[in-house]
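Below you'll find the structure, written out as structure tokens, and then a few comments.
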Amino acid sequence: MSSKRVYIKTYGCQMNVYDSARMADSLAPLGYSQCESAEGADLILLNTCHIREKASEKVFSELGRLRALQNAAAEEGRRLLIGVAGCVAQAEGEEIVRRAPQVDLVVGPQTYHRLPGLVTRALAGEDRKALVDTEFPTESKFDFLPEESASPGAAAFLSVQEGCDKFCAFCVVPYTRGAEVSRPVVDILAEAERLVKAGVIEITLLGQNVNAYHGEGPDGREWGLGRLLRRLAEFEGLERLRYTTSHPRDVDAELIAAHRDEAKLMPFLHLPVQSGSDRILDAMNRRHDAAFYHRVVEQLREARPDLALSSDFIVGFPGESDRDFGDTLRLVTEVGYAQAYSFKYSARPGTPAAGAAQSVPEAVKSERLAMLQQLLNEQQQAFNRKSVGQRVPVLLERAAKHPGQLVGRSPWMQSVVVEAPARLLGHLVDVDVLEAHPNSLIGRVVTLSEGNDMNVVEPPQSAAGAATRAMA
Ligand code: 5AD
Ligand code: SF4
């Protein structure tokens with residue numbers, strides 16, 4: 001088997017990050033190993049995002065750049081295959097092939113298990129028009145994708161659910177990722193076990209609407225996310241659990257109870273609300289009002305008092321008045337976020353809101369976005385400042401920019417930079433937070449008073465114990 005190189009460029013959400021890793025795994029049997037740059041690659045895959053117009057446009061400009069690379073390869077007598085995967089592939093597969101002659105194959109998110117076949121057929125010279133696979137097949141790709149091969153590091157993603165049945169009026173996800181599908185519990189447990197054996201300490205469960213999870217349990221019944229989290233918390237060696245992204249309507253009593261009882265479930269939740277205006281929430285088809293969101297947050301905070309929240313916001317949804325936007329600012333002030341993402345509304349073809357009248361002028365959108373972001377930044381900085389003087393458990397995940405420093409995450413998803421030897425990579429350590437910056441904290445790894453060794457919290461000791469201490 002000849003050795004070839006694949007370069008995968010990932011755009012968009014964490015689901016795409018996870019999918020890219022699985023695509024790389026699926027190509028290994030064909031002799032492809034993953035490389036870090038497009039130069040010298042034999043196959044380039046763009047794993048794309050369709051959520052906003054800007055994200056989609058990036059694909060076509062990147063394809064323009066890749067064309068030169070493909071021509072250069074041809075001059076050297078090499079064949080460089082170019083594939084487009086992800087949500088733009090799903091939504092615009094045929095158009096990509098028509099507009100971009102350099103693209104050899106197109107594969108949608110539900111058919112990644114067929115990628116090796118598509119590559120083989122492309123290499124055999126099959127017509128590109130036949131190499132567009134954007135079906136929603138009856139079989140699940142998870143039953144066919146190989147087990148992960150690369151060493152996952154200390155923190156890993158695990159996809160448990162895909163697709164969405166919510167049909168928010170602005171969102172392409174129900175069209176690009178299809179209907180909601182949950183993986184069976186046994187498959188998830190098997191994957192979690194492999195990850196933990198490979199040294200993973202933190203698992204983030206992924207799904208477009210992850211708390212709508214309703215997979216088949218080993219007992220033949222449907223399990224919700226709360227039950228799944230409880231089962232995963234039993235894994236020895238696994239110290240931290242997270243999940244993303246959630247919908248407020250799908251936060252049920254079982255999930256709230258998991259936040260109350262499972263110390264391993266980290267006290268940070270991304271719970272997008274999008275808007276604080278009941279009128280706009282209704283127009284967005286979010287199926288809840290602001291009061292409902294407040295109640296959910298209240299229940300979660302009762303269950304886990306140190307819970308920090310994050311959200312997504314859209315400004316300038318069609319019909320959004322100054323007053324509606326004021327309601328969003330008010331909601332942000334009332335809830336208080338540790339971090340959040342905010343976007344200008346971007347009309348997506350095929351979504352219900354795309355044809356809506358009363359579009360908000362671009363300048364107004366920009367103004368509102370700046371105001372909202374200022375408020376959210378202030379909240380984030382205030383949240384980070386509160387950490388100064390606290391002792392927090394940090395999972396050291398990678399080298400920082402400066403030599404001799406490592407960076408990891410606090411339970412509340414803050415990036416924490418410390419001076420530490422590389423041998424502490426992949427370990428949970430207690431850190432005294434010394435400084436707060438807008439996007440990170442600076443800390444010192446706690447050393448034992450006697451002896452000079454680092455106080456490394458090795459699994460299965462509980463990290464969450466330290467988390468509770470930190471907030472006490
Ligand atoms: N315009 C702007 N933002 C959008 N999002 C989804 N669709 C759109 C759109 N058409 C945002 C939402 C979602 C996040 C992933 O992207 O806030 O939660
Ligand atoms: Fe899109 Fe709404 Fe589904 Fe989230 S819940 S993926 S915003 S349709």
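By order in the structure tokens, chains are A, B, ...; within a chain, residues start at 1; ligands start at 1, following the order shown.
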
Set the cut-off to 10 Å, count only C-alpha atoms and all ligand atoms, and list whatever residues fall near ligand 2 as number ranges by chain.
A: 51, 162-180, 207-210, 212, 245-250, 272-274, 284-287, 312, 351

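For segment 231-356 of chain A, a DSSP pass over the backbone yields strand (DSSP E or B) at Arg240, Leu241, Arg242, Tyr243, Thr244, Leu265, Phe268, Leu269, His270, Gln274, Ala308, Leu309, Ser310, Ser311, Asp312, Phe313, Ile314, Val315, Gln339, Ala340, Tyr341, Ser342, Phe343 and Lys344 of chain A.
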
So that I can see what lies close to segment 89-104 of chain A, please list as a PyMOL selection string the residues with an atom at most 10 Å from it, counting only C-alpha atoms and leaving out residues fewer than 3 positions away in the same chain.
chain A and resi 43-50+56+59-60+63-64+66-68+70-71+80-86+107-111+118-119+121-123+125-136+172-173+175-178+349-350

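Proximity ranking of A:Ala303, A:Ile8, A:Leu375, A:Ala353 relative to ligand 1 places A:Ala353 first, based on only C-alpha atoms and all ligand atoms.
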
Which parts of segment 56-255 of chain A does DSSP call helix (DSSP H, G or I) when run on the backbone here, written out as a PyMOL selection string?
chain A and resi 56-75+86-99+109-123+128-130+141-143+173-176+185-197+210-212+225-233+248-250+253-255

Expected file: the selected residues, C-alpha atoms, as a CSV table (one decimal), in the first residue's frame:
```csv
chain,number,residue,atom,x,y,z
A,56,SER,CA,-20.2,29.4,3.2
A,57,GLU,CA,-18.4,32.0,1.1
A,58,LYS,CA,-15.0,30.9,2.6
A,59,VAL,CA,-15.3,27.6,0.8
A,60,PHE,CA,-15.4,29.1,-2.6
A,61,SER,CA,-12.5,31.4,-2.0
A,62,GLU,CA,-10.5,28.6,-0.5
A,63,LEU,CA,-11.3,26.4,-3.5
A,64,GLY,CA,-10.0,29.2,-5.7
A,65,ARG,CA,-6.6,29.1,-3.8
A,66,LEU,CA,-6.5,25.3,-4.0
A,67,ARG,CA,-6.8,25.4,-7.8
A,68,ALA,CA,-3.3,26.8,-8.1
A,69,LEU,CA,-2.0,24.1,-5.8
A,70,GLN,CA,-3.7,21.5,-7.9
A,71,ASN,CA,-2.3,22.9,-11.1
A,72,ALA,CA,1.2,23.0,-9.6
A,73,ALA,CA,0.8,19.3,-8.6
A,74,ALA,CA,-0.2,18.4,-12.1
A,75,GLU,CA,2.9,20.1,-13.5
A,86,GLY,CA,-19.6,19.1,5.6
A,87,CYS,CA,-22.7,21.3,5.5
A,88,VAL,CA,-21.9,23.3,2.4
A,89,ALA,CA,-21.4,20.0,0.6
A,90,GLN,CA,-24.8,18.9,1.8
A,91,ALA,CA,-26.6,22.1,0.8
A,92,GLU,CA,-24.8,23.0,-2.4
A,93,GLY,CA,-23.2,19.7,-3.6
A,94,GLU,CA,-24.3,19.9,-7.2
A,95,GLU,CA,-23.5,23.6,-7.5
A,96,ILE,CA,-20.0,23.1,-6.1
A,97,VAL,CA,-19.3,20.5,-8.8
A,98,ARG,CA,-20.7,22.9,-11.5
A,99,ARG,CA,-18.9,26.0,-10.3
A,109,PRO,CA,-22.2,14.6,6.7
A,110,GLN,CA,-24.3,11.5,6.7
A,111,THR,CA,-22.2,9.6,4.2
A,112,TYR,CA,-18.7,9.9,5.6
A,113,HIS,CA,-18.4,6.2,5.8
A,114,ARG,CA,-18.6,6.1,2.0
A,115,LEU,CA,-15.6,8.6,1.6
A,116,PRO,CA,-13.0,5.9,1.0
A,117,GLY,CA,-15.1,4.5,-1.8
A,118,LEU,CA,-15.5,8.0,-3.3
A,119,VAL,CA,-11.7,8.5,-3.2
A,120,THR,CA,-11.0,5.2,-4.8
A,121,ARG,CA,-13.5,5.9,-7.6
A,122,ALA,CA,-12.0,9.4,-8.1
A,123,LEU,CA,-8.5,7.9,-8.4
A,128,ARG,CA,-16.8,13.9,-10.9
A,129,LYS,CA,-20.5,14.4,-11.4
A,130,ALA,CA,-21.1,10.9,-10.2
A,141,LYS,CA,-22.5,6.1,9.4
A,142,PHE,CA,-21.4,5.3,12.9
A,143,ASP,CA,-22.0,1.6,12.2
A,173,VAL,CA,-29.0,22.7,10.5
A,174,PRO,CA,-32.3,20.7,10.1
A,175,TYR,CA,-31.7,20.7,6.3
A,176,THR,CA,-28.0,20.1,6.2
A,185,VAL,CA,-26.1,3.8,24.5
A,186,VAL,CA,-23.9,0.7,24.1
A,187,ASP,CA,-22.1,2.3,21.1
A,188,ILE,CA,-21.4,5.4,23.1
A,189,LEU,CA,-20.2,3.4,26.1
A,190,ALA,CA,-17.9,1.4,23.9
A,191,GLU,CA,-16.4,4.5,22.4
A,192,ALA,CA,-16.1,6.2,25.9
A,193,GLU,CA,-14.3,3.1,27.2
A,194,ARG,CA,-11.8,3.2,24.3
A,195,LEU,CA,-11.2,6.9,25.0
A,196,VAL,CA,-10.7,6.4,28.7
A,197,LYS,CA,-8.3,3.5,28.1
A,210,VAL,CA,-27.5,17.2,22.3
A,211,ASN,CA,-30.0,17.3,25.2
A,212,ALA,CA,-32.7,16.0,22.9
A,225,LEU,CA,-29.0,12.7,28.2
A,226,GLY,CA,-29.2,12.8,32.0
A,227,ARG,CA,-29.2,9.1,32.3
A,228,LEU,CA,-26.4,8.7,29.8
A,229,LEU,CA,-24.3,11.2,31.7
A,230,ARG,CA,-24.9,9.3,35.0
A,231,ARG,CA,-23.7,6.1,33.4
A,232,LEU,CA,-20.6,7.8,31.9
A,233,ALA,CA,-19.8,9.3,35.3
A,248,PRO,CA,-33.7,25.2,26.5
A,249,ARG,CA,-36.8,23.2,25.7
A,250,ASP,CA,-34.9,19.9,26.1
A,253,ALA,CA,-35.7,17.0,35.2
A,254,GLU,CA,-33.3,14.1,34.7
A,255,LEU,CA,-30.7,16.4,33.2
```

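Using only C-alpha atoms and all ligand atoms, the smallest distance between any of A:Gln299, A:Ser440, A:Ser346, A:Ser275 and ligand 1 comes from A:Ser346.
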
Take atom CA of Glu334 of chain A and atom CA of Arg409 of chain A and report the distance between them in Å, one decimal.
26.0 Å

Give me the segment 198-309 of chain A side of the contact with segment 380-392 of chain A, cut-off 12 Å, one line per residue showing its nearest atom pair and distance in Å at one decimal, counting only C-alpha atoms, sorted by chain and residue number, as a Markdown table.
```
| residue | atom | partner | partner_atom | distance |
| --- | --- | --- | --- | --- |
| A:Asp306 | CA | A:Phe383 | CA | 11.6 |
| A:Leu307 | CA | A:Phe383 | CA | 11.8 |
| A:Ala308 | CA | A:Phe383 | CA | 8.9 |
| A:Leu309 | CA | A:Gln380 | CA | 10.4 |
```

Restricting the calculation to only C-alpha atoms and all ligand atoms, which member of A:Ser311, A:Ser182, A:Ser33, A:Asn439 is positioned closest to ligand 1?
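Comparing A:Ser311, A:Ser182, A:Ser33, A:Asn439 against ligand 1, the winner is A:Ser311.
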
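If only C-alpha atoms and all ligand atoms are the atoms counted, then among A:Arg330, A:Lys264, A:Lys365, A:His259 the closest residue to ligand 1 is A:Lys365.
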
Among listed residues A:Leu145, A:Val6, A:Cys13, A:Ala399, nearest ligand 1 (using only C-alpha atoms and all ligand atoms)
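Among the listed residues, A:Cys13 lies closest to ligand 1.
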